[in-house]
Structure formats: structure tokens, C-alpha cells
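Visitor: Got a file for you: entry.cif, mmCIF, C-alpha atoms.
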data_run
loop_
_atom_site.label_atom_id
_atom_site.label_comp_id
_atom_site.auth_asym_id
_atom_site.auth_seq_id
_atom_site.Cartn_x
_atom_site.Cartn_y
_atom_site.Cartn_z
CA MET A 27 171.94 -61.76 227.23
CA ARG A 28 168.17 -61.30 227.10
CA ALA A 29 168.57 -57.88 228.73
CA LEU A 30 170.98 -56.73 226.01
CA SER A 31 168.71 -57.72 223.16
CA ASP A 32 165.41 -56.61 224.75
CA TRP A 33 166.57 -53.31 226.22
CA ARG A 34 168.07 -52.29 222.91
CA LYS A 35 164.62 -52.63 221.36
CA SER A 36 162.33 -51.37 224.12
CA GLY A 37 164.61 -49.24 226.27
CA ILE A 38 165.78 -49.88 229.84
CA PRO A 39 162.80 -50.82 232.10
CA ASP A 40 161.91 -48.76 235.19
CA ASN A 41 163.30 -51.34 237.54
CA PRO A 42 166.17 -53.17 235.77
CA GLY A 43 166.97 -55.30 238.82
CA ALA A 44 163.45 -56.70 239.10
CA TRP A 45 163.32 -57.23 235.33
CA LEU A 46 166.49 -59.31 235.45
CA THR A 47 165.23 -61.45 238.34
CA THR A 48 161.87 -62.09 236.66
CA VAL A 49 163.41 -62.97 233.30
CA ALA A 50 166.01 -65.22 234.92
CA LYS A 51 163.28 -67.03 236.86
CA ARG A 52 161.19 -67.53 233.71
CA ARG A 53 164.22 -68.77 231.81
CA ALA A 54 164.97 -71.29 234.56
CA ILE A 55 161.37 -72.54 234.40
CA ASP A 56 161.71 -72.83 230.61
CA LEU A 57 164.81 -74.97 230.98
CA LEU A 58 163.13 -77.23 233.52
CA ARG A 59 160.09 -77.61 231.27
CA HIS A 60 162.40 -78.45 228.39
CA ALA A 61 163.92 -81.31 230.38
CA GLY A 62 160.48 -82.58 231.41
CA ALA A 63 159.17 -82.42 227.85
CA GLU A 64 161.33 -85.34 226.79
CA ASP A 65 159.73 -87.68 229.30
CA ARG A 66 156.22 -86.49 228.53
CA ALA A 67 156.77 -86.77 224.79
CA LEU A 68 158.03 -90.29 225.21
CA ARG A 69 154.88 -91.30 227.03
CA ARG A 70 152.70 -89.60 224.42
CA VAL A 71 154.30 -91.35 221.45
CA ALA A 72 154.37 -94.62 223.36
CA VAL A 73 150.64 -94.43 223.98
CA GLU A 74 149.84 -93.34 220.46
CA ALA A 75 151.93 -96.07 218.93
CA ASP A 76 149.38 -98.48 220.41
CA GLU A 77 151.98 -100.83 221.72
CA PRO A 78 152.30 -101.72 225.38
CA LEU A 79 155.56 -100.61 226.93
CA GLU A 80 157.15 -103.67 228.42
CA PRO A 81 158.95 -102.76 231.60
CA ASP A 82 162.63 -103.64 231.30
CA PRO A 83 164.08 -105.10 234.48
CA ASP A 84 167.57 -103.71 234.00
CA SER A 85 168.56 -100.08 234.14
CA ASN A 86 168.78 -99.80 230.34
CA ALA A 87 165.03 -99.21 230.14
CA ASP A 88 165.41 -95.44 229.78
CA ILE A 89 168.10 -95.79 227.14
CA ASP A 90 165.95 -98.23 225.18
CA ASP A 91 162.91 -95.98 225.40
CA ARG A 92 164.74 -92.97 224.07
CA LEU A 93 166.36 -94.98 221.29
CA ARG A 94 162.98 -96.38 220.33
CA LEU A 95 161.59 -92.86 220.26
CA ILE A 96 164.38 -91.61 217.98
CA PHE A 97 164.11 -94.56 215.61
CA THR A 98 160.33 -94.21 215.42
CA CYS A 99 160.49 -90.47 214.70
CA CYS A 100 163.09 -91.09 211.96
CA TYR A 101 161.25 -94.01 210.34
CA PRO A 102 161.97 -93.92 206.58
CA ALA A 103 158.29 -94.23 205.59
CA LEU A 104 157.63 -90.77 207.06
CA PRO A 105 158.31 -87.74 204.85
CA ILE A 106 161.72 -86.29 205.63
CA ASP A 107 160.40 -82.91 206.84
CA ALA A 108 158.00 -84.71 209.17
CA ARG A 109 160.86 -86.84 210.52
CA VAL A 110 162.83 -83.72 211.37
CA ALA A 111 159.81 -81.98 212.94
CA LEU A 112 158.76 -85.03 214.96
CA THR A 113 162.28 -85.51 216.28
CA LEU A 114 162.42 -81.85 217.33
CA GLN A 115 159.05 -82.08 219.03
CA THR A 116 159.23 -85.42 220.79
CA VAL A 117 162.95 -85.88 221.42
CA ALA A 118 164.12 -82.28 221.77
CA GLY A 119 160.88 -80.98 223.33
CA LEU A 120 160.42 -77.97 221.02
CA THR A 121 156.89 -76.60 220.59
CA PRO A 122 155.19 -76.68 217.16
CA ALA A 123 155.42 -72.86 217.16
CA GLN A 124 159.19 -72.98 217.62
CA ILE A 125 159.61 -75.64 214.95
CA ALA A 126 157.40 -73.66 212.56
CA ARG A 127 159.56 -70.55 213.03
CA ALA A 128 162.75 -72.53 212.56
CA PHE A 129 161.52 -73.96 209.24
CA LEU A 130 159.90 -70.72 208.09
CA VAL A 131 156.36 -72.12 207.82
CA THR A 132 153.18 -71.09 209.61
CA GLU A 133 152.25 -72.75 212.87
CA PRO A 134 149.02 -74.34 211.48
CA ALA A 135 151.06 -75.79 208.60
CA MET A 136 153.56 -77.30 211.02
CA ASP A 137 150.76 -78.57 213.24
CA LYS A 138 149.18 -80.30 210.27
CA ARG A 139 152.48 -81.90 209.32
CA LEU A 140 152.99 -83.23 212.85
CA VAL A 141 149.41 -84.51 213.15
CA ARG A 142 149.72 -86.32 209.80
CA ALA A 143 153.00 -87.92 210.83
CA ARG A 144 151.53 -89.13 214.13
CA ALA A 145 148.48 -90.49 212.31
CA LYS A 146 150.72 -92.40 209.91
CA ILE A 147 152.71 -93.92 212.79
CA ARG A 148 149.43 -95.16 214.22
CA HIS A 149 147.57 -96.21 211.07
CA ALA A 150 150.40 -97.69 209.02
CA GLY A 151 151.68 -99.83 211.88
CA ILE A 152 155.09 -98.17 212.12
CA PRO A 153 156.79 -100.19 214.84
CA TYR A 154 157.86 -98.47 218.06
CA ARG A 155 161.17 -100.19 218.62
CA VAL A 156 164.87 -100.18 217.94
CA PRO A 157 165.28 -101.98 214.59
CA PRO A 158 166.59 -105.56 214.58
CA PRO A 159 170.30 -106.04 213.71
CA ASP A 160 169.68 -106.79 210.01
CA LEU A 161 167.89 -103.46 209.52
CA MET A 162 170.12 -101.49 211.87
CA PRO A 163 172.81 -100.09 209.53
CA GLU A 164 170.21 -98.69 207.11
CA ARG A 165 167.95 -97.28 209.83
CA ARG A 166 170.82 -95.80 211.76
CA ASP A 167 171.91 -93.98 208.61
CA GLY A 168 168.35 -92.63 208.35
CA VAL A 169 168.55 -91.24 211.88
CA LEU A 170 171.94 -89.71 211.18
CA ALA A 171 170.56 -88.11 208.01
CA VAL A 172 167.81 -86.42 210.04
CA LEU A 173 170.29 -85.17 212.63
CA TYR A 174 172.64 -83.89 209.95
CA LEU A 175 169.81 -82.12 208.15
CA LEU A 176 168.87 -80.47 211.44
CA PHE A 177 172.47 -79.42 211.85
CA THR A 178 172.83 -77.94 208.37
CA GLU A 179 169.56 -76.00 208.80
CA GLY A 180 171.05 -74.43 211.89
CA TYR A 181 174.50 -74.06 210.40
CA SER A 182 173.38 -72.16 207.32
CA ALA A 183 171.45 -69.77 209.57
CA ALA A 184 174.28 -69.33 212.04
CA GLY A 185 175.99 -66.62 210.02
CA GLY A 186 172.83 -64.52 209.78
CA GLY A 187 172.41 -64.29 213.54
CA ASP A 188 168.96 -65.91 213.37
CA LEU A 189 168.81 -67.12 216.96
CA ILE A 190 165.87 -69.50 216.58
CA ARG A 191 167.54 -71.33 213.76
CA VAL A 192 170.90 -71.29 215.48
CA SER A 193 169.24 -73.24 218.29
CA LEU A 194 168.75 -76.03 215.71
CA LEU A 195 172.51 -76.31 215.56
CA ARG A 196 172.62 -76.74 219.32
CA GLU A 197 169.76 -79.26 219.30
CA ALA A 198 171.39 -81.29 216.53
CA ILE A 199 174.60 -81.55 218.53
CA ARG A 200 172.69 -82.33 221.73
CA LEU A 201 170.71 -85.12 220.04
CA THR A 202 173.80 -86.57 218.40
CA ARG A 203 175.56 -86.57 221.77
CA LEU A 204 172.52 -88.37 223.17
CA LEU A 205 172.77 -90.93 220.38
CA VAL A 206 176.48 -91.42 221.11
CA GLU A 207 175.52 -92.06 224.74
CA LEU A 208 172.81 -94.52 223.69
CA MET A 209 174.92 -96.31 221.06
CA PRO A 210 178.46 -95.92 222.42
CA ASP A 211 179.95 -98.66 220.21
CA ASP A 212 178.77 -97.19 216.94
CA GLY A 213 181.56 -95.52 214.99
CA GLU A 214 179.24 -93.81 212.49
CA VAL A 215 177.37 -91.93 215.22
CA ARG A 216 180.64 -90.78 216.79
CA ALA A 217 181.90 -89.71 213.37
CA LEU A 218 178.83 -87.54 212.83
CA LEU A 219 179.28 -85.89 216.22
CA ALA A 220 182.94 -85.21 215.40
CA LEU A 221 181.94 -83.69 212.07
CA MET A 222 179.37 -81.43 213.73
CA LEU A 223 181.80 -80.27 216.39
CA LEU A 224 184.42 -79.51 213.76
CA HIS A 225 181.92 -77.51 211.71
CA ARG A 226 180.79 -75.63 214.78
CA ALA A 227 184.39 -74.73 215.55
CA TYR A 228 184.72 -73.34 212.00
CA CYS A 229 181.44 -71.54 212.42
CA ARG A 230 182.52 -69.87 215.65
CA SER A 231 185.90 -68.90 214.33
CA HIS A 232 184.16 -67.51 211.27
CA ARG A 233 182.66 -64.67 213.25
CA ARG A 234 184.93 -61.91 214.49
CA CYS A 235 188.27 -61.67 216.17
CA ARG A 236 187.58 -61.09 219.85
CA ARG A 237 190.18 -58.40 220.20
CA CYS A 238 190.13 -56.43 216.97
CA ARG A 239 186.54 -57.29 215.79
CA HIS A 240 187.86 -58.02 212.31
CA PRO A 241 185.77 -60.75 210.61
CA ARG A 242 187.67 -63.98 210.72
CA ARG A 243 188.26 -66.05 207.67
CA ALA A 244 186.70 -69.45 207.29
CA GLY A 245 189.08 -72.19 208.24
CA GLN A 246 190.71 -70.53 211.22
CA ILE A 247 189.82 -72.65 214.18
CA ALA A 248 190.15 -71.38 217.71
CA VAL A 249 192.83 -73.50 219.32
CA GLY A 250 193.48 -71.27 222.31
CA PRO A 251 192.45 -67.81 223.43
CA GLY A 252 193.78 -65.01 221.29
CA CYS A 253 195.40 -67.19 218.66
CA HIS A 254 193.34 -65.68 215.86
CA HIS A 255 194.63 -62.33 216.69
CA ARG A 256 197.86 -63.25 214.99
CA GLY A 257 196.05 -64.80 212.02
CA PRO A 258 196.54 -63.67 208.42
CA HIS A 259 193.50 -61.42 208.56
CA HIS A 260 195.41 -59.25 210.90
CA PRO A 261 199.01 -58.65 209.85
CA PRO A 262 201.05 -57.65 212.91
CA ILE A 263 202.28 -54.50 211.18
CA VAL A 264 198.80 -52.91 211.28
CA GLY A 265 198.56 -53.24 214.99
CA THR A 266 195.33 -53.38 216.95
CA ALA A 267 194.23 -49.78 216.52
CA SER A 268 190.72 -49.10 215.27
CA ARG A 269 190.06 -52.35 213.44
CA MET B 3 147.67 -105.59 210.70
CA GLU B 4 146.23 -105.95 207.24
CA TYR B 5 147.87 -104.26 204.27
CA MET B 6 147.04 -104.02 200.58
CA LEU B 7 150.03 -104.24 198.27
CA PHE B 8 149.44 -102.47 194.97
CA ILE B 9 151.77 -104.11 192.49
CA CYS B 10 152.57 -101.30 190.05
CA THR B 11 154.61 -100.81 186.91
CA ASP B 12 157.57 -98.45 186.75
CA SER B 13 158.94 -97.36 183.38
CA THR B 14 162.31 -96.52 184.95
CA ALA B 15 162.86 -100.02 186.36
CA PRO B 16 165.53 -102.30 184.86
CA THR B 17 164.33 -104.93 182.40
CA THR B 18 167.43 -107.01 181.74
CA GLU B 19 168.55 -107.87 185.28
CA PRO B 20 168.16 -111.47 186.40
CA PRO B 21 165.34 -111.71 188.98
CA VAL B 22 166.39 -111.90 192.63
CA HIS B 23 163.11 -113.60 193.57
CA THR B 24 160.53 -115.31 191.34
CA ILE B 25 156.77 -114.87 191.71
CA GLU B 26 156.36 -118.62 192.36
CA GLU B 27 158.78 -118.44 195.30
CA TRP B 28 157.04 -115.37 196.66
CA VAL B 29 153.54 -116.81 196.39
CA ALA B 30 154.64 -120.11 197.95
CA GLU B 31 156.46 -118.39 200.81
CA THR B 32 153.70 -115.91 201.67
CA THR B 33 150.91 -118.48 201.29
CA ASP B 34 152.62 -121.13 203.42
CA GLY B 35 153.51 -118.59 206.10
CA GLY B 36 149.85 -117.54 206.22
CA THR B 37 150.61 -113.87 205.59
CA ARG B 38 148.93 -113.63 202.18
CA ARG B 39 145.14 -113.56 202.26
CA HIS B 40 144.49 -113.24 198.57
CA GLY B 41 145.80 -111.50 195.51
CA ASP B 42 146.01 -111.68 191.74
CA ARG B 43 147.15 -110.07 188.55
CA LEU B 44 144.95 -107.44 186.89
CA ARG B 45 144.32 -107.00 183.17
CA PRO B 46 146.00 -103.87 181.72
CA ALA B 47 144.55 -100.38 182.15
CA ASN B 48 143.34 -100.62 178.57
CA ASP B 49 140.70 -103.08 179.78
CA ALA B 50 139.50 -100.80 182.58
CA THR B 51 136.06 -99.21 182.78
CA THR B 52 135.30 -96.23 185.02
CA VAL B 53 131.80 -95.63 186.40
CA LYS B 54 130.41 -92.40 187.91
CA LEU B 55 126.94 -91.38 189.05
CA ARG B 56 126.48 -87.62 188.72
CA GLY B 57 123.13 -85.91 189.32
CA GLY B 58 121.37 -89.25 188.93
CA ARG B 59 122.99 -89.89 185.55
CA LEU B 60 125.31 -92.80 185.05
CA SER B 61 128.53 -92.14 183.20
CA VAL B 62 130.56 -95.06 181.95
CA THR B 63 133.94 -94.31 180.38
CA ALA B 64 136.64 -96.49 178.91
CA GLY B 65 139.99 -96.55 180.64
CA PRO B 66 141.33 -96.02 184.15
CA PHE B 67 140.15 -93.22 186.49
CA ALA B 68 143.47 -91.40 186.15
CA GLU B 69 145.57 -91.25 183.00
CA THR B 70 149.07 -92.04 184.18
CA THR B 71 152.14 -93.62 182.65
CA GLU B 72 152.22 -96.23 185.43
CA TRP B 73 149.37 -98.52 186.34
CA ILE B 74 148.34 -101.11 188.91
CA ALA B 75 149.21 -104.54 187.56
CA GLY B 76 148.06 -106.62 190.52
CA TYR B 77 147.27 -106.63 194.21
CA ASP B 78 147.84 -108.72 197.31
CA VAL B 79 146.25 -108.50 200.73
CA ILE B 80 148.63 -109.53 203.48
CA GLU B 81 148.35 -109.86 207.24
CA CYS B 82 151.47 -109.17 209.29
CA GLY B 83 152.71 -107.58 212.50
CA ASP B 84 153.82 -104.12 211.46
CA LEU B 85 155.10 -101.98 208.60
CA ASP B 86 158.62 -103.42 208.91
CA ALA B 87 157.21 -106.89 208.22
CA ALA B 88 155.09 -105.58 205.32
CA ILE B 89 158.14 -103.88 203.78
CA GLU B 90 160.13 -107.10 204.09
CA ILE B 91 157.39 -109.09 202.31
CA ALA B 92 156.98 -106.45 199.58
CA ALA B 93 160.74 -106.29 199.03
CA LYS B 94 160.80 -109.99 198.11
CA HIS B 95 158.12 -109.59 195.42
CA PRO B 96 159.73 -109.66 191.96
CA MET B 97 157.83 -106.48 191.05
CA ALA B 98 159.79 -104.61 193.72
CA GLN B 99 162.70 -105.14 191.32
CA PHE B 100 160.91 -104.72 187.97
CA GLY B 101 158.23 -102.25 189.04
CA GLN B 102 157.19 -100.72 192.34
CA ILE B 103 154.91 -101.68 195.20
CA GLU B 104 152.69 -99.37 197.20
CA ILE B 105 151.82 -100.58 200.70
CA ARG B 106 148.56 -99.26 202.11
CA PRO B 107 147.20 -100.17 205.53
CA MET B 108 143.61 -101.40 205.43
CA TRP B 109 141.04 -99.17 207.13
CA PRO B 110 138.32 -101.60 208.19
CA ILE B 111 134.71 -100.36 208.42
CA GLU B 112 133.69 -100.95 212.03
#
What does this structure look like when you write it as C-alpha cells?

Guide:
Amino acid sequence: MRALSDWRKSGIPDNPGAWLTTVAKRRAIDLLRHAGAEDRALRRVAVEADEPLEPDPDSNADIDDRLRLIFTCCYPALPIDARVALTLQTVAGLTPAQIARAFLVTEPAMDKRLVRARAKIRHAGIPYRVPPPDLMPERRDGVLAVLYLLFTEGYSAAGGGDLIRVSLLREAIRLTRLLVELMPDDGEVRALLALMLLHRAYCRSHRRCRRCRHPRRAGQIAVGPGCHHRGPHHPPIVGTASR
Amino acid sequence: MEYMLFICTDSTAPTTEPPVHTIEEWVAETTDGGTRRHGDRLRPANDATTVKLRGGRLSVTAGPFAETTEWIAGYDVIECGDLDAAIEIAAKHPMAQFGQIEIRPMWPIE
């Protein structure tokens, strides 16, 4: 994938085989770093929130930590753009540079936003915890709003082929899946995931027919391979010729 | 943590609703619980005086420092665990219903 996009711009390198190996290795390292970032971010926010982490004897400790992290990043007293950026940085492990590109602002501007949000968590005494049951419905809706906003940012960019912003779509779904894992009994969280997956199916089917490359119409969802090919955009009488 | 609650007016707030909480209830509850350090009403912005020292010259003007349609009508200093607790206390103040309340964490001089 990287080869296709890079070589088109800069030409085929002298040693394509070596290029592929190097890029693949770097990509693998990136992915590993991405996974590690979540743990590191958790520790960072935990320390900055000035609250001792009480070790939980049962195995739910990790689940609780990640939930606490999500609920803290999505605290309603933080500005909405900061909530989204903090969630992307600390839960999804994106760098400020990546977040800045995704939201079309400069990196220093994004840095400032993140620093301010962290300062507010510390100074205003924003609690680092999963909200108590009486606050839960409202706070959970706040978290879902952040995830949905993330999703729509990515979704609106998906048609334009803007790869950085499309990754927001993927992150939104990944984080919502995580939330479903963490709160398996919550119907609202599952409903949001279902909505995202449905939209993504629309989005994918909106691109082009795999066989004839004709743009698909919105609303045609891929149910099985090749089924679009018989869709209304492509009357059988025309055949598959040059379209 | 210590927070200052600025009890502010809000021209868009309802005026005819029956109050959910009364100020007497709120003061009694927060004073007995030990969360409220002190607090009071303030005379209207009309009674304000603003003082500035510029280049060694004292300037005294009538009125508040910023001309706004809303003003601070009172304040309370509370001590509580975290922002969730502060929000809960502020939400029970009658002016949360008939005005608005700004919560600001204190920044003690060390």
C-alpha cells in the first residue's frame, strides 16, 4: 500500500525489495509503539491527575484504568475540542502532530490545546475515576458524543480520500469497540457501535463497484462479494465493458 | 480543594418557575456539612467602584471593571473533594436555576 502511494510520487527506488523490507519493518515498529502508547498515556494522566492509583486486587484493574482514562478525557467541563484531542492522544495514542493534521490546525495550536486541557484536569480537580451510578447516564452520553464526533470527522473526510482523517473513522470504531468491551451491559454503547458500523458499510459501498469501477450509489450495502455489480447503477443490458 | 462560586445573573433564565431549592436550604446544608467557608450577596454593579494605578496616577471610576449585561450577584467559598462535588453543590444553589454559577478553583499563594 505504502509502495503504491510513494512510488507514484517519487518513482520506483533503486532497490524495491530492500525498500519494501525497510518500510514494512518501520510500519511494524509503529504499530507496536501505538499499542505501547496506551499504557504510557495511562500512567502519564494518572500521575498528572495527582491521585494515587489504588491497586485493584481482581483482574478488572486494567479495565477500570482504561475506563477512568476515557471518562476523565471526556469530562464535560473540558472544551469539546480538547476532549476529542485528549482522547485521541491518551486513549488512542496519536501524536499531537497527527491530531493537528486531522483537525486542520497547526501543531503548536494543538499542543497548546492539549496542555491547557491537562492543566485544567490538574488545577480544577477533575476527578480521575469512573463516575458514580447517579452521574453515569449523563457522563456516558458525554463520552459517546466525543466518540461520535470523532467518527463524523473521519466519515465526512472518507469520501475525499484524506487518509489521515479517515484514520479517525477507524480510531472512533476502535475506541467504541473498547468501550463495548469495558461496559458490555450498556445498550447505548452497543447502539453507537452498531450505528458506526452501519455508516461505515454505507461509506465503503459508496465508493466504486469492484468490477466495473462505476461509482456506487449511497445506500447500497455490500452484503456479499459482487452483489453491487447487479445494482441499479449498472443495468445488466450495458454489460461490463469499459465502465 | 477550595473553589470560589461566582453567583451570577442570567437574563435568559426563567423567572416564573417554582424554585427547586431555596437559599435557606442551601446555606443550611452547606454550612452544616462544613463545605461552605464563607459567602454573601453583593450589592448591584451600579454600586461598584473600579480603581487603577497608571503611571503613578490613581484613577477611580464608577461602575464595574467590565460593562456586561450579566453581573456577579454574590460569592461562596467552598471546600470539597473534587470538581464533581463542587458541581453538585453549585447545582443545588437556587441561582443555578434563576441565574448561573461559575466555579473557579482557588490558586493559593504559596

Visitor: Under the rule of at most 6 Å, produce a per-residue listing of chain A near chain B: chain, number, name, the closest pair of atoms, and the distance in Å, as JSON lines, using all atoms listed in the file.

Guide:
{"residue": "A:Ala150", "atom": "CA", "partner": "B:Pro107", "partner_atom": "CA", "distance": 5.3}
{"residue": "A:Gly151", "atom": "CA", "partner": "B:Asp84", "partner_atom": "CA", "distance": 4.8}
{"residue": "A:Ile152", "atom": "CA", "partner": "B:Leu85", "partner_atom": "CA", "distance": 5.2}
{"residue": "A:Pro153", "atom": "CA", "partner": "B:Asp84", "partner_atom": "CA", "distance": 6.0}

Visitor: Expand the PyMOL selection byres ((chain A and resi 145) around 12) into the explicit residue set it covers here, and present it as a list of chain:residue names.

Guide: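 Output from the PyMOL selection byres ((chain A and resi 145) around 12), applied to this file: A:Val71, A:Glu74, A:Ala75, A:Asp76, A:Leu104, A:Ala108, A:Leu112, A:Lys138, A:Arg139, A:Leu140, A:Val141, A:Arg142, A:Ala143, A:Arg144, A:Lys146, A:Ile147, A:Arg148, A:His149, A:Ala150, A:Gly151, A:Ile152, B:Pro107.
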
Visitor: Please indicate the distance in Å from CA of Thr70 in chain B to CA of Glu104 in chain B, rounded to one decimal place.

Guide: 15.4 Å

Visitor: Just to confirm, what's the straight-line distance from CA of Val156 in chain A to CA of Arg94 in chain A in Å (one decimal)?

Guide: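 About the pair CA of Val156 in chain A and CA of Arg94 in chain A: they are 4.9 Å apart.
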
Visitor: Could you tell me how far CA of Leu93 in chain A lies from CA of Asp212 in chain A, in Å and to one decimal?

Guide: 13.3 Å

Visitor: Expand the PyMOL selection byres ((chain B and resi 22) around 9) into the explicit residue set it covers here, and present it as a list in words.

Guide: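 Taken over the shown coordinates, the PyMOL selection byres ((chain B and resi 22) around 9) returns Glu19, Pro20, Pro21, His23, Thr24, Lys94, Pro96 and Gln99 of chain B.
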
Visitor: Need the shell around Asp42 in chain B: protein/DNA/RNA residues with any atom at most 12 Å away, counting only C-alpha atoms. Skip same-chain ones fewer than 4 positions apart. Format as a VMD selection string?

Guide: chain B and resid 6 to 9 25 29 38 74 to 79

Visitor: Go ahead and write the residues just picked, C-alpha atoms, as a short mmCIF file (atom, residue, chain, number, x, y, z; two decimals), keeping the file's coordinate frame.

Guide:
data_model
loop_
_atom_site.label_atom_id
_atom_site.label_comp_id
_atom_site.auth_asym_id
_atom_site.auth_seq_id
_atom_site.Cartn_x
_atom_site.Cartn_y
_atom_site.Cartn_z
CA MET B 6 147.04 -104.02 200.58
CA LEU B 7 150.03 -104.24 198.27
CA PHE B 8 149.44 -102.47 194.97
CA ILE B 9 151.77 -104.11 192.49
CA ILE B 25 156.77 -114.87 191.71
CA VAL B 29 153.54 -116.81 196.39
CA ARG B 38 148.93 -113.63 202.18
CA ILE B 74 148.34 -101.11 188.91
CA ALA B 75 149.21 -104.54 187.56
CA GLY B 76 148.06 -106.62 190.52
CA TYR B 77 147.27 -106.63 194.21
CA ASP B 78 147.84 -108.72 197.31
CA VAL B 79 146.25 -108.50 200.73
#

Visitor: Can you tell me which residues surround Glu164 in chain A at a distance of at most 12 Å, considering all atoms listed in the file, apart from same-chain residues fewer than 3 positions away, and format the answer as a PDB file with C-alpha atoms, in the coordinates of the input?

Guide:
ATOM      1  CA  PHE A  97     164.110 -94.560 215.610  1.00  0.00           C
ATOM      2  CA  CYS A 100     163.090 -91.090 211.960  1.00  0.00           C
ATOM      3  CA  TYR A 101     161.250 -94.010 210.340  1.00  0.00           C
ATOM      4  CA  PRO A 102     161.970 -93.920 206.580  1.00  0.00           C
ATOM      5  CA  PRO A 157     165.280-101.980 214.590  1.00  0.00           C
ATOM      6  CA  PRO A 158     166.590-105.560 214.580  1.00  0.00           C
ATOM      7  CA  PRO A 159     170.300-106.040 213.710  1.00  0.00           C
ATOM      8  CA  ASP A 160     169.680-106.790 210.010  1.00  0.00           C
ATOM      9  CA  LEU A 161     167.890-103.460 209.520  1.00  0.00           C
ATOM     10  CA  ASP A 167     171.910 -93.980 208.610  1.00  0.00           C
ATOM     11  CA  GLY A 168     168.350 -92.630 208.350  1.00  0.00           C
ATOM     12  CA  VAL A 169     168.550 -91.240 211.880  1.00  0.00           C
ATOM     13  CA  LEU A 170     171.940 -89.710 211.180  1.00  0.00           C
ATOM     14  CA  ALA A 171     170.560 -88.110 208.010  1.00  0.00           C
ATOM     15  CA  GLU A 214     179.240 -93.810 212.490  1.00  0.00           C
TER      16      GLU A 214
END

Visitor: Please expand the PyMOL selection byres ((chain A and resi 178) around 12) into the concrete residues it hits in this file, giving the result as a ChimeraX atom specification.

Guide: /A:110,171-177,179-185,191-199,221-222,225-226,229

Visitor: Restricting the calculation to only C-alpha atoms: of B:Gly41, B:Ile111, B:Asp12, B:Pro66, which residue gets closest to Val53 in chain B?

Guide: B:Pro66

Visitor: For Ala47 in chain B, which residue among B:Leu60, B:Cys10, B:Thr33, B:Thr18 is the nearest when counting only C-alpha atoms?

Guide: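 Looking only at the distances to Ala47 in chain B, the closest residue turns out to be B:Cys10.
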